[in-house]
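Chemist: Next comes the structure file run.txt, holding compact mmCIF, C-alpha atoms.
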```txt
# COMPACT_ATOMS: atom_id res chain seq x y z
CA MET H 1 127.64 117.13 82.36
CA THR H 2 127.26 120.49 80.74
CA ASP H 3 130.02 122.99 80.56
CA ARG H 4 128.89 125.86 78.45
CA SER H 5 130.74 128.69 80.14
CA THR H 6 134.09 127.74 78.70
CA ALA H 7 133.21 126.70 75.16
CA THR H 8 134.93 129.60 73.48
CA ARG H 9 138.42 129.27 74.96
CA PRO H 10 140.88 127.61 72.61
CA ASP H 11 143.36 126.54 75.33
CA LEU H 12 140.88 124.09 76.82
CA LEU H 13 140.94 120.41 76.10
CA PRO H 14 137.74 119.21 74.37
CA GLU H 15 135.38 117.69 76.93
CA PRO H 16 135.14 114.32 75.10
CA THR H 17 138.94 114.01 75.32
CA LEU H 18 138.88 114.90 79.01
CA ARG H 19 136.30 112.21 79.60
CA ARG H 20 138.30 109.57 77.74
CA LEU H 21 141.58 110.28 79.54
CA PRO H 22 140.30 108.74 82.83
CA TRP H 23 139.38 105.58 80.89
CA TYR H 24 142.96 105.29 79.69
CA LEU H 25 144.16 105.92 83.23
CA ALA H 26 141.88 103.23 84.66
CA TYR H 27 143.04 100.76 82.01
CA LEU H 28 146.71 101.58 82.64
CA SER H 29 146.37 100.91 86.37
CA THR H 30 144.94 97.48 85.49
CA LEU H 31 147.95 96.82 83.25
CA ARG H 32 150.41 97.98 85.90
CA ASN H 33 148.82 95.65 88.44
CA ALA H 34 149.23 92.85 85.91
CA ALA H 35 152.93 93.83 85.58
CA ILE H 36 152.61 94.73 81.89
CA GLU H 37 155.33 97.19 80.90
CA TYR H 38 154.47 98.41 77.41
CA ILE H 39 151.17 98.91 75.64
CA SER H 40 150.31 99.80 72.05
CA THR H 41 147.58 102.15 70.89
CA THR H 42 145.98 99.20 69.10
CA ARG H 43 145.71 97.19 72.33
CA ILE H 44 144.27 100.15 74.25
CA ALA H 45 141.84 100.69 71.38
CA GLU H 46 140.66 97.08 71.49
CA ALA H 47 140.26 97.04 75.24
CA LEU H 48 138.32 100.30 75.43
CA ASP H 49 136.49 100.24 72.11
CA VAL H 50 137.92 103.61 71.06
CA ASP H 51 139.44 104.34 67.65
CA PRO H 52 143.29 104.00 67.73
CA SER H 53 143.79 107.30 65.92
CA GLN H 54 141.56 108.97 68.51
CA ILE H 55 143.73 107.62 71.32
CA ALA H 56 146.91 108.86 69.65
CA LYS H 57 145.30 112.27 69.20
CA ASP H 58 144.05 112.42 72.80
CA LEU H 59 147.49 111.54 74.16
CA SER H 60 149.23 114.01 71.87
CA PHE H 61 147.48 116.78 73.85
CA LEU H 62 149.70 115.71 76.74
CA GLY H 63 152.76 115.86 74.51
CA ILE H 64 153.16 112.11 74.75
CA ARG H 65 154.00 109.93 71.78
CA GLY H 66 154.38 106.15 71.75
CA LYS H 67 157.44 104.48 70.26
CA THR H 68 157.00 102.64 66.97
CA ARG H 69 156.42 98.91 67.55
CA ILE H 70 156.86 99.24 71.34
CA GLY H 71 154.08 101.65 72.20
CA TYR H 72 153.78 103.49 75.50
CA GLN H 73 155.57 102.70 78.75
CA VAL H 74 152.70 101.88 81.12
CA GLY H 75 154.02 103.47 84.33
CA ALA H 76 155.24 106.64 82.61
CA LEU H 77 151.96 107.12 80.75
CA GLU H 78 149.96 106.52 83.92
CA SER H 79 151.97 109.15 85.84
CA ALA H 80 151.74 111.62 82.99
CA LEU H 81 147.96 111.17 82.82
CA ARG H 82 147.45 111.51 86.58
CA ASP H 83 149.58 114.63 86.59
CA TYR H 84 147.89 116.12 83.54
CA LEU H 85 144.40 115.41 84.88
CA GLY H 86 145.25 117.14 88.16
CA PHE H 87 144.58 114.01 90.22
CA ASP H 88 147.93 114.40 92.04
CA LYS H 89 147.24 117.97 93.18
CA ARG H 90 145.02 118.89 96.12
CA HIS H 91 141.90 120.85 95.18
CA ASN H 92 140.21 122.27 98.24
CA ALA H 93 136.45 121.89 98.27
CA ILE H 94 133.54 122.58 100.59
CA MET H 95 130.56 120.20 100.77
CA MET H 96 127.27 122.10 100.88
CA GLY H 97 124.84 119.68 102.49
CA ALA H 98 126.11 116.88 104.70
CA GLY H 99 122.91 114.85 104.76
CA SER H 100 122.29 111.72 102.81
CA LEU H 101 124.18 112.33 99.56
CA GLY H 102 126.60 114.96 100.90
CA GLY H 103 127.54 112.77 103.84
CA ALA H 104 128.01 109.83 101.50
CA LEU H 105 130.31 111.86 99.24
CA ILE H 106 132.36 113.01 102.23
CA SER H 107 132.70 109.36 103.25
CA ASP H 108 134.01 108.35 99.84
CA ASN H 109 137.81 108.32 100.07
CA GLY H 110 137.94 107.75 96.33
CA LEU H 111 137.43 111.48 95.76
CA GLN H 112 140.58 112.18 97.75
CA ARG H 113 142.59 109.77 95.62
CA TYR H 114 141.47 111.85 92.63
CA GLY H 115 142.73 115.07 94.18
CA LEU H 116 139.55 116.37 95.77
CA ASN H 117 140.23 117.61 99.29
CA VAL H 118 136.97 118.28 101.13
CA VAL H 119 138.05 120.63 103.92
CA ALA H 120 134.65 121.33 105.50
CA GLY H 121 130.98 120.49 105.27
CA ILE H 122 127.99 122.81 105.70
CA ASP H 123 124.54 121.80 106.91
CA LEU H 124 121.41 123.43 108.34
CA ASN H 125 120.72 120.49 110.62
CA PRO H 126 121.79 121.42 114.18
CA THR H 127 122.42 117.77 115.07
CA LEU H 128 125.07 117.60 112.33
CA ILE H 129 126.80 120.92 113.04
CA GLY H 130 129.93 120.39 115.11
CA THR H 131 130.19 116.69 114.26
CA THR H 132 132.74 115.21 111.87
CA ILE H 133 132.18 112.78 108.99
CA ASN H 134 135.25 110.85 107.85
CA GLY H 135 137.37 113.50 109.57
CA VAL H 136 135.59 116.43 107.92
CA ARG H 137 133.97 118.93 110.31
CA ILE H 138 130.40 120.12 109.66
CA PHE H 139 129.63 123.83 110.10
CA SER H 140 126.60 126.09 110.00
CA PRO H 141 125.66 127.88 106.72
CA SER H 142 126.67 131.20 108.27
CA ASP H 143 130.28 129.97 108.34
CA THR H 144 130.43 129.39 104.57
CA GLU H 145 132.05 132.65 103.44
CA ARG H 146 134.62 132.64 106.22
CA LEU H 147 135.62 129.02 105.55
CA VAL H 148 135.94 129.54 101.79
CA ARG H 149 138.26 132.48 102.43
CA GLU H 150 140.28 130.98 105.30
CA LEU H 151 140.71 127.51 103.83
CA ASP H 152 141.40 128.63 100.26
CA VAL H 153 138.42 126.73 98.88
CA LYS H 154 138.16 126.74 95.08
CA ILE H 155 135.35 124.20 94.58
CA GLY H 156 131.88 124.17 96.08
CA ILE H 157 130.01 120.86 95.95
CA ILE H 158 126.23 121.11 96.07
CA ALA H 159 124.37 118.23 97.67
CA VAL H 160 121.42 120.09 99.20
CA PRO H 161 117.70 119.67 98.44
CA VAL H 162 116.71 120.85 94.96
CA ASP H 163 114.86 123.88 96.37
CA SER H 164 117.97 125.42 97.87
CA ALA H 165 120.44 124.56 95.11
CA GLN H 166 120.42 127.96 93.36
CA ASP H 167 120.64 129.90 96.64
CA VAL H 168 123.57 127.82 97.77
CA ALA H 169 125.27 128.34 94.38
CA ASP H 170 124.82 132.10 94.77
CA THR H 171 126.32 132.00 98.26
CA LEU H 172 129.31 130.02 96.97
CA ALA H 173 129.83 132.41 94.06
CA GLY H 174 129.64 135.37 96.46
CA ALA H 175 132.15 133.71 98.77
CA GLY H 176 134.61 133.41 95.90
CA VAL H 177 134.70 129.78 94.85
CA GLN H 178 135.69 129.31 91.21
CA ALA H 179 133.91 126.07 90.42
CA ILE H 180 130.66 124.42 91.37
CA TRP H 181 130.04 120.70 91.28
CA ASN H 182 126.30 120.27 91.29
CA PHE H 183 124.93 116.90 92.42
CA THR H 184 121.30 118.00 92.43
CA PRO H 185 118.98 117.53 89.45
CA SER H 186 118.44 121.31 89.59
CA ARG H 187 119.65 123.49 86.72
CA ILE H 188 121.96 125.96 88.38
CA ARG H 189 122.92 129.25 86.79
CA VAL H 190 126.31 130.79 87.49
CA ARG H 191 127.97 133.95 86.32
CA GLU H 192 130.11 133.99 83.19
CA GLY H 193 133.57 132.59 83.81
CA MET H 194 132.66 130.28 86.68
CA VAL H 195 133.12 126.58 86.10
CA ILE H 196 130.08 124.37 86.56
CA ALA H 197 129.98 120.59 86.48
CA ASN H 198 126.71 118.71 86.80
CA THR H 199 126.61 115.14 88.02
CA SER H 200 123.00 114.22 88.19
CA ILE H 201 123.13 110.69 89.54
CA TYR H 202 119.35 110.42 89.59
CA SER H 203 118.87 111.39 85.96
CA HIS H 204 121.04 108.42 85.02
CA LEU H 205 118.49 106.30 86.87
CA ALA H 206 115.74 107.69 84.64
CA VAL H 207 117.59 106.61 81.50
CA MET H 208 118.30 103.16 82.96
CA TYR H 209 114.68 102.56 84.04
CA ASN H 210 113.39 103.56 80.62
CA ARG H 211 115.79 101.16 78.88
CA LEU H 212 114.85 98.37 81.30
CA GLN H 213 111.15 98.90 80.79
CA SER H 214 111.53 98.81 77.03
CA LEU H 215 113.70 95.68 77.32
CA ASN H 216 110.98 93.90 79.30
CA LYS H 217 108.30 94.90 76.80
CA GLU H 218 110.54 93.52 74.04
CA ASN H 219 110.97 90.20 75.88
CA LYS H 220 107.22 89.75 76.29
CA LYS H 221 106.59 89.99 72.55
CA MET C 1 126.73 108.20 80.15
CA THR C 2 126.88 106.00 77.14
CA ASP C 3 124.03 103.83 76.10
CA ARG C 4 124.88 102.18 72.85
CA SER C 5 123.11 98.88 73.27
CA THR C 6 119.68 100.33 72.73
CA ALA C 7 120.25 102.94 70.05
CA THR C 8 118.32 101.10 67.37
CA ARG C 9 115.02 100.61 69.17
CA PRO C 10 112.37 103.10 68.09
CA ASP C 11 110.18 102.70 71.21
CA LEU C 12 112.85 104.29 73.42
CA LEU C 13 112.78 107.89 74.48
CA PRO C 14 115.81 109.85 73.22
CA GLU C 15 118.46 110.08 75.93
CA PRO C 16 118.60 113.91 75.88
CA THR C 17 114.85 113.98 76.60
CA LEU C 18 115.26 111.45 79.41
CA ARG C 19 117.95 113.62 80.92
CA ARG C 20 115.85 116.77 80.73
CA LEU C 21 112.75 115.21 82.32
CA PRO C 22 114.39 115.08 85.79
CA TRP C 23 115.20 118.82 85.47
CA TYR C 24 111.51 119.53 84.92
CA LEU C 25 110.67 117.29 87.85
CA ALA C 26 113.14 119.06 90.13
CA TYR C 27 111.78 122.45 89.09
CA LEU C 28 108.18 121.32 89.64
CA SER C 29 108.92 120.19 93.19
CA THR C 30 110.33 123.65 93.87
CA LEU C 31 107.12 125.20 92.52
CA ARG C 32 104.92 122.86 94.55
CA ASN C 33 106.82 123.77 97.73
CA ALA C 34 106.22 127.42 96.86
CA ALA C 35 102.48 126.62 96.50
CA ILE C 36 102.39 127.56 92.81
CA GLU C 37 99.54 125.76 91.06
CA TYR C 38 99.99 126.34 87.32
CA ILE C 39 103.07 126.82 85.20
CA SER C 40 103.55 127.72 81.54
CA THR C 41 106.10 126.27 79.14
CA THR C 42 107.55 129.76 78.79
CA ARG C 43 108.21 130.04 82.52
CA ILE C 44 109.79 126.57 82.68
CA ALA C 45 111.89 127.51 79.66
CA GLU C 46 113.16 130.68 81.33
CA ALA C 47 113.94 128.98 84.61
CA LEU C 48 115.82 126.06 83.04
CA ASP C 49 117.29 127.73 79.97
CA VAL C 50 115.68 125.21 77.61
CA ASP C 51 113.80 126.10 74.44
CA PRO C 52 109.99 126.25 75.05
CA SER C 53 109.21 124.15 71.97
CA GLN C 54 111.67 121.54 73.23
CA ILE C 55 109.83 121.36 76.56
CA ALA C 56 106.46 120.96 74.85
CA LYS C 57 107.94 118.21 72.69
CA ASP C 58 109.55 116.42 75.66
CA LEU C 59 106.30 116.48 77.62
CA SER C 60 104.27 115.32 74.64
CA PHE C 61 106.16 111.99 74.90
CA LEU C 62 104.27 111.52 78.15
CA GLY C 63 100.99 112.33 76.46
CA ILE C 64 100.72 115.52 78.48
CA ARG C 65 99.61 118.81 76.97
CA GLY C 66 99.31 122.16 78.72
CA LYS C 67 96.14 124.22 78.53
CA THR C 68 96.26 127.40 76.49
CA ARG C 69 97.00 130.45 78.69
CA ILE C 70 96.97 128.37 81.89
CA GLY C 71 99.77 125.91 81.18
CA TYR C 72 100.36 122.77 83.20
CA GLN C 73 98.93 121.91 86.61
CA VAL C 74 102.05 121.61 88.78
CA GLY C 75 101.01 118.67 90.98
CA ALA C 76 99.56 116.65 88.12
CA LEU C 77 102.60 117.18 85.91
CA GLU C 78 104.93 116.28 88.77
CA SER C 79 103.08 113.01 89.44
CA ALA C 80 102.96 112.17 85.74
CA LEU C 81 106.70 112.76 85.44
CA ARG C 82 107.58 110.70 88.53
CA ASP C 83 105.40 107.89 87.30
CA TYR C 84 106.73 108.03 83.75
CA LEU C 85 110.35 108.11 84.91
CA GLY C 86 109.79 105.04 87.06
CA PHE C 87 110.76 106.85 90.27
CA ASP C 88 107.61 105.57 92.02
CA LYS C 89 108.32 101.91 91.29
CA ARG C 90 110.80 99.78 93.21
CA HIS C 91 113.76 98.57 91.16
CA ASN C 92 115.72 95.92 93.01
CA ALA C 93 119.47 96.36 92.84
CA ILE C 94 122.58 94.72 94.26
CA MET C 95 125.62 96.81 95.22
CA MET C 96 128.86 95.19 94.11
CA GLY C 97 131.51 96.63 96.41
CA ALA C 98 130.53 98.05 99.77
CA GLY C 99 133.75 99.89 100.45
CA SER C 100 134.26 103.61 100.15
CA LEU C 101 132.02 104.53 97.19
CA GLY C 102 129.69 101.51 97.38
CA GLY C 103 129.12 102.05 101.10
CA ALA C 104 128.47 105.73 100.45
CA LEU C 105 125.91 104.94 97.75
CA ILE C 106 124.16 102.45 100.06
CA SER C 107 124.00 105.21 102.69
CA ASP C 108 122.37 107.65 100.28
CA ASN C 109 118.63 107.46 100.91
CA GLY C 110 118.13 109.71 97.89
CA LEU C 111 118.50 106.71 95.60
CA GLN C 112 115.56 105.06 97.34
CA ARG C 113 113.40 108.13 96.79
CA TYR C 114 114.15 107.73 93.09
CA GLY C 115 112.99 104.12 93.07
CA LEU C 116 116.28 102.31 93.53
CA ASN C 117 115.93 99.56 96.12
CA VAL C 118 119.33 98.21 97.09
CA VAL C 119 118.49 94.79 98.55
CA ALA C 120 122.00 93.53 99.26
CA GLY C 121 125.66 94.46 99.09
CA ILE C 122 128.61 92.28 98.09
CA ASP C 123 132.19 92.70 99.25
CA LEU C 124 135.39 90.68 99.45
CA ASN C 125 136.39 92.22 102.77
CA PRO C 126 135.66 89.71 105.56
CA THR C 127 135.22 92.49 108.12
CA LEU C 128 132.30 93.85 106.05
CA ILE C 129 130.57 90.54 105.29
CA GLY C 130 127.68 89.98 107.67
CA THR C 131 127.43 93.64 108.69
CA THR C 132 124.70 96.00 107.53
CA ILE C 133 125.04 99.51 106.09
CA ASN C 134 121.92 101.66 106.30
CA GLY C 135 119.90 98.46 106.79
CA VAL C 136 121.43 96.71 103.78
CA ARG C 137 123.21 93.42 104.54
CA ILE C 138 126.67 92.76 103.06
CA PHE C 139 127.38 89.29 101.64
CA SER C 140 130.35 87.41 100.19
CA PRO C 141 130.92 87.40 96.39
CA SER C 142 129.97 83.71 96.31
CA ASP C 143 126.41 84.67 97.30
CA THR C 144 125.91 86.94 94.26
CA GLU C 145 124.11 84.54 91.92
CA ARG C 146 121.83 83.18 94.62
CA LEU C 147 120.86 86.68 95.83
CA VAL C 148 120.16 87.98 92.31
CA ARG C 149 117.83 85.01 91.74
CA GLU C 150 116.16 84.95 95.16
CA LEU C 151 115.66 88.68 95.54
CA ASP C 152 114.58 89.36 91.95
CA VAL C 153 117.46 91.74 91.31
CA LYS C 154 117.33 93.51 87.95
CA ILE C 155 120.13 96.05 88.41
CA GLY C 156 123.74 95.47 89.39
CA ILE C 157 125.68 98.50 90.63
CA ILE C 158 129.44 98.33 90.23
CA ALA C 159 131.52 100.17 92.80
CA VAL C 160 134.56 97.91 92.99
CA PRO C 161 138.19 98.73 92.13
CA VAL C 162 138.79 99.31 88.41
CA ASP C 163 140.71 96.03 88.04
CA SER C 164 137.73 93.89 88.98
CA ALA C 165 135.01 95.87 87.20
CA GLN C 166 134.78 93.68 84.08
CA ASP C 167 134.84 90.42 86.08
CA VAL C 168 132.09 91.68 88.34
CA ALA C 169 130.05 92.75 85.31
CA ASP C 170 130.44 89.25 83.83
CA THR C 171 129.30 87.68 87.11
CA LEU C 172 126.25 89.95 87.19
CA ALA C 173 125.38 89.18 83.58
CA GLY C 174 125.74 85.46 84.28
CA ALA C 175 123.53 85.78 87.34
CA GLY C 176 120.79 87.31 85.21
CA VAL C 177 120.68 91.03 85.98
CA GLN C 178 119.34 93.11 83.10
CA ALA C 179 121.11 96.39 83.74
CA ILE C 180 124.48 97.47 85.02
CA TRP C 181 125.17 100.83 86.61
CA ASN C 182 128.90 101.30 86.44
CA PHE C 183 130.46 103.77 88.87
CA THR C 184 134.05 102.89 87.99
CA PRO C 185 136.05 104.76 85.35
CA SER C 186 136.50 101.38 83.66
CA ARG C 187 134.96 100.75 80.23
CA ILE C 188 132.77 97.73 80.80
CA ARG C 189 131.57 95.53 77.95
CA VAL C 190 128.24 93.76 78.20
CA ARG C 191 126.40 91.46 75.85
CA GLU C 192 123.95 92.82 73.29
CA GLY C 193 120.60 93.70 74.85
CA MET C 194 121.86 94.43 78.37
CA VAL C 195 121.44 97.97 79.63
CA ILE C 196 124.56 99.79 80.74
CA ALA C 197 124.76 103.16 82.43
CA ASN C 198 128.08 104.77 83.25
CA THR C 199 128.38 107.35 86.00
CA SER C 200 132.02 108.18 86.21
CA ILE C 201 132.12 110.67 89.05
CA TYR C 202 135.87 110.97 88.84
CA SER C 203 135.96 111.81 85.15
CA HIS C 204 133.79 114.83 85.94
CA LEU C 205 136.56 115.92 88.28
CA ALA C 206 139.03 115.79 85.38
CA VAL C 207 136.91 118.17 83.34
CA MET C 208 136.44 120.51 86.31
CA TYR C 209 140.16 120.63 87.16
CA ASN C 210 141.05 121.37 83.55
CA ARG C 211 138.56 124.24 83.38
CA LEU C 212 139.82 125.60 86.72
CA GLN C 213 143.44 125.47 85.62
CA SER C 214 142.65 127.29 82.43
CA LEU C 215 140.64 129.87 84.38
CA ASN C 216 143.58 130.58 86.64
CA LYS C 217 145.94 130.92 83.68
CA GLU C 218 143.47 133.36 82.13
CA ASN C 219 143.34 135.42 85.33
CA LYS C 220 147.11 135.72 85.50
CA LYS C 221 147.36 137.24 82.03
```
Re-express the file's structure as structure tokens.

Modeler:
Amino acid sequence: MTDRSTATRPDLLPEPTLRRLPWYLAYLSTLRNAAIEYISTTRIAEALDVDPSQIAKDLSFLGIRGKTRIGYQVGALESALRDYLGFDKRHNAIMMGAGSLGGALISDNGLQRYGLNVVAGIDLNPTLIGTTINGVRIFSPSDTERLVRELDVKIGIIAVPVDSAQDVADTLAGAGVQAIWNFTPSRIRVREGMVIANTSIYSHLAVMYNRLQSLNKENKK
Amino acid sequence: MTDRSTATRPDLLPEPTLRRLPWYLAYLSTLRNAAIEYISTTRIAEALDVDPSQIAKDLSFLGIRGKTRIGYQVGALESALRDYLGFDKRHNAIMMGAGSLGGALISDNGLQRYGLNVVAGIDLNPTLIGTTINGVRIFSPSDTERLVRELDVKIGIIAVPVDSAQDVADTLAGAGVQAIWNFTPSRIRVREGMVIANTSIYSHLAVMYNRLQSLNKENKK
């Protein structure tokens, strides 16, 4: 994920911290399910293979400090993290492309549990327009601007073919969304001040295949 | 994505290079669709905002060099990249968890186009077991080891609840998969020599929300 547009603002949490906070959250939910009430930095550090001082520093951004010897109260820390990370708010989003990947993302209720509220989908395919996927209605591209305005959409998710990714990003920017979540392997350019997040699922495959190939060469030696 | 297990092997491509190669590939497919035959490093550099010397270096890993003044032949470079990245091979995978996210990933035909062949799904839910999603049959957890062996599965994809992620990873490792693709926000530990790729979709949301929040504070000033 690249996030260059915001690098100069001092009020932003460092991206590495923001990526570790969900690990802590995931671990805390495991502890809560196991009815564990308190947890120390040391234990979190061991479980997640992160330096204890790093964890203390990350959590201090939230204004949370553990108690000496006792550590953090699991439930309270979990709530504080969810709240801080914005997972308890609703963030309205529009899904650009409701085909294979877009449709799959709309079907994933997990996104909703993390605060992402997909209010509409957009697709060129006339057989999709007018249908609903997981309760989300699919519209024609010409409806994009109106829907963004009417439904107070802040986030545009791009799951269209690579060829159209930049055009779709431009349409979203013109319609007034503030953030773009790009699921295509395309490098999208946005204007200064817009937020862009890239989740290139397929490029992770490339890394994995290369590691696998090298592993199998190694084993044959 | 973290990839610590393989950091010491010299025959591996650097991860940043492996993550840029799919950008080039995506851009090349756009060019091919626009019937453009040759492309220079400079043009690729401009389009993708990557340093030209970096591109030449990345492509030299593949043993590909552009011709002076003419550059690279689009179709040939695209094929070479697809082949090198392993997108044209079939990599057998098993989907652990066929609920919301797992089911969505099985439904995404895009993964297949990038060489990922999901041969079976596993789920605890008795109403899912025995059904098929996008042609992929869902089995009970007790079938995991047998399926991995019988169907020559190299990759295990983890899309189960956070609590079970480590257990599922251990089962996969025991069954003999070589790589784990972890879609949960959980930090999974694997034995030395196994490949692990982490795609934490939800942690990208955390970064995006934080940037959005800060943007809106900025605008109110």

Chemist: For chain C, list the residues within 6 Å of chain H, counting only C-alpha atoms, and write the list as an MDAnalysis selection string.

Modeler: chainID C and resid 18:19 22:23 26 30 48 85 100:101 104 108:109 163 185:187 203 206:207

Chemist: Just the selected residues (C-alpha atoms), exported as an mmCIF file, keeping the file's coordinate frame, please.

Modeler:
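After the write, part-v1.cif holds the following:
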```cif
data_model
loop_
_atom_site.group_PDB
_atom_site.id
_atom_site.type_symbol
_atom_site.label_atom_id
_atom_site.label_comp_id
_atom_site.auth_asym_id
_atom_site.auth_seq_id
_atom_site.Cartn_x
_atom_site.Cartn_y
_atom_site.Cartn_z
ATOM 1 C CA LEU C 18 115.260 111.450 79.410
ATOM 2 C CA ARG C 19 117.950 113.620 80.920
ATOM 3 C CA PRO C 22 114.390 115.080 85.790
ATOM 4 C CA TRP C 23 115.200 118.820 85.470
ATOM 5 C CA ALA C 26 113.140 119.060 90.130
ATOM 6 C CA THR C 30 110.330 123.650 93.870
ATOM 7 C CA LEU C 48 115.820 126.060 83.040
ATOM 8 C CA LEU C 85 110.350 108.110 84.910
ATOM 9 C CA SER C 100 134.260 103.610 100.150
ATOM 10 C CA LEU C 101 132.020 104.530 97.190
ATOM 11 C CA ALA C 104 128.470 105.730 100.450
ATOM 12 C CA ASP C 108 122.370 107.650 100.280
ATOM 13 C CA ASN C 109 118.630 107.460 100.910
ATOM 14 C CA ASP C 163 140.710 96.030 88.040
ATOM 15 C CA PRO C 185 136.050 104.760 85.350
ATOM 16 C CA SER C 186 136.500 101.380 83.660
ATOM 17 C CA ARG C 187 134.960 100.750 80.230
ATOM 18 C CA SER C 203 135.960 111.810 85.150
ATOM 19 C CA ALA C 206 139.030 115.790 85.380
ATOM 20 C CA VAL C 207 136.910 118.170 83.340
#
```

Chemist: Which residues are near Ala159 (chain C)? Cut-off 6 Å, all atoms listed in the file, ignore same chain within fewer than 3 positions. Put them as a list in words.

Modeler: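 Using all atoms listed in the file, the neighbours found are Met96, Gly97, Gly102 and Phe183 of chain C.
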
Chemist: What's the separation between CA of Asn219 (chain H) and CA of Ser60 (chain C), in Å to one decimal place?

Modeler: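 Between CA of Asn219 (chain H) and CA of Ser60 (chain C) the gap is 26.0 Å.
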
Chemist: Let me have the centre and edge lengths of the axis-aligned box enclosing all listed atoms of region 30-33 of chain C with 8 Å padding on every side, in Å to one decimal, as lines of an AutoDock Vina configuration file.

Modeler:
```
center_x = 107.6
center_y = 124.0
center_z = 95.1
size_x = 21.4
size_y = 18.3
size_z = 21.2
```

Chemist: Just the residues within 6 Å of region 131-143 of chain C, please, counting all atoms listed in the file, with nothing from its chain fewer than 6 positions along; format it as number ranges by chain.

Modeler: C: 107, 120-123

Chemist: Let's have the selection written as a PDB file, in the coordinates of the input, with C-alpha atoms.

Modeler:
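Written file, result_33.pdb:
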```pdb
ATOM      1  CA  SER C 107     124.000 105.210 102.690  1.00  0.00           C
ATOM      2  CA  ALA C 120     122.000  93.530  99.260  1.00  0.00           C
ATOM      3  CA  GLY C 121     125.660  94.460  99.090  1.00  0.00           C
ATOM      4  CA  ILE C 122     128.610  92.280  98.090  1.00  0.00           C
ATOM      5  CA  ASP C 123     132.190  92.700  99.250  1.00  0.00           C
TER       6      ASP C 123
END
```

Chemist: CA of Gln112 (chain C) to CA of Ile157 (chain C): how many Å, to one decimal?

Modeler: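 Computed distance, CA of Gln112 (chain C) to CA of Ile157 (chain C), equals 13.8 Å.
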
Chemist: Can you tell me how far CA of Ala93 (chain H) sits from CA of Glu145 (chain H), in Å to one decimal?

Modeler: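 Rounded to one decimal, the two atoms are 12.7 Å apart.
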
Chemist: With a distance cut-off of 9 Å and only C-alpha atoms, select the neighbouring residues of Ala45 (chain H), excluding the residue or stretch itself and same-chain residues fewer than 6 positions from it, and output the selection as a list in words.

Modeler: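 What passes the distance filter is Asp51, Pro52, Ser53, Gln54 and Ile55 of chain H.
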
Chemist: Under the rule that only C-alpha atoms are counted, which of C:Glu37, C:Glu78, C:Asp152, C:Asp88 is the nearest residue to Ile64 (chain C)?

Modeler: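 Using only C-alpha atoms, Ile64 (chain C) sits closest to C:Glu78.
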
Chemist: Got a minute to add N, CA and C atoms to region 88-99 of chain H and dump it as a PDB file, keeping the file's coordinate frame?

Modeler:
```pdb
ATOM      1  N   ASP H  88     146.862 114.434  91.030  1.00  0.00           N
ATOM      2  CA  ASP H  88     147.930 114.400  92.040  1.00  0.00           C
ATOM      3  C   ASP H  88     148.019 115.703  92.829  1.00  0.00           C
ATOM      4  N   LYS H  89     147.270 116.721  92.407  1.00  0.00           N
ATOM      5  CA  LYS H  89     147.240 117.970  93.180  1.00  0.00           C
ATOM      6  C   LYS H  89     146.110 117.901  94.196  1.00  0.00           C
ATOM      7  N   ARG H  90     146.138 118.815  95.185  1.00  0.00           N
ATOM      8  CA  ARG H  90     145.020 118.890  96.120  1.00  0.00           C
ATOM      9  C   ARG H  90     144.138 120.061  95.721  1.00  0.00           C
ATOM     10  N   HIS H  91     142.858 119.794  95.509  1.00  0.00           N
ATOM     11  CA  HIS H  91     141.900 120.850  95.180  1.00  0.00           C
ATOM     12  C   HIS H  91     140.946 120.986  96.353  1.00  0.00           C
ATOM     13  N   ASN H  92     141.046 122.099  97.059  1.00  0.00           N
ATOM     14  CA  ASN H  92     140.210 122.270  98.240  1.00  0.00           C
ATOM     15  C   ASN H  92     138.741 122.513  97.873  1.00  0.00           C
ATOM     16  N   ALA H  93     137.876 121.783  98.564  1.00  0.00           N
ATOM     17  CA  ALA H  93     136.450 121.890  98.270  1.00  0.00           C
ATOM     18  C   ALA H  93     135.642 121.948  99.558  1.00  0.00           C
ATOM     19  N   ILE H  94     134.465 122.548  99.458  1.00  0.00           N
ATOM     20  CA  ILE H  94     133.540 122.580 100.590  1.00  0.00           C
ATOM     21  C   ILE H  94     132.273 121.837 100.172  1.00  0.00           C
ATOM     22  N   MET H  95     131.754 120.995 101.079  1.00  0.00           N
ATOM     23  CA  MET H  95     130.560 120.200 100.770  1.00  0.00           C
ATOM     24  C   MET H  95     129.335 120.913 101.333  1.00  0.00           C
ATOM     25  N   MET H  96     128.485 121.410 100.453  1.00  0.00           N
ATOM     26  CA  MET H  96     127.270 122.100 100.880  1.00  0.00           C
ATOM     27  C   MET H  96     126.155 121.055 101.010  1.00  0.00           C
ATOM     28  N   GLY H  97     125.798 120.754 102.243  1.00  0.00           N
ATOM     29  CA  GLY H  97     124.840 119.680 102.490  1.00  0.00           C
ATOM     30  C   GLY H  97     125.583 118.439 102.931  1.00  0.00           C
ATOM     31  N   ALA H  98     125.396 118.052 104.177  1.00  0.00           N
ATOM     32  CA  ALA H  98     126.110 116.880 104.700  1.00  0.00           C
ATOM     33  C   ALA H  98     125.099 115.829 105.128  1.00  0.00           C
ATOM     34  N   GLY H  99     123.946 115.841 104.475  1.00  0.00           N
ATOM     35  CA  GLY H  99     122.910 114.850 104.760  1.00  0.00           C
ATOM     36  C   GLY H  99     123.204 113.569 104.013  1.00  0.00           C
TER      37      GLY H  99
END
```
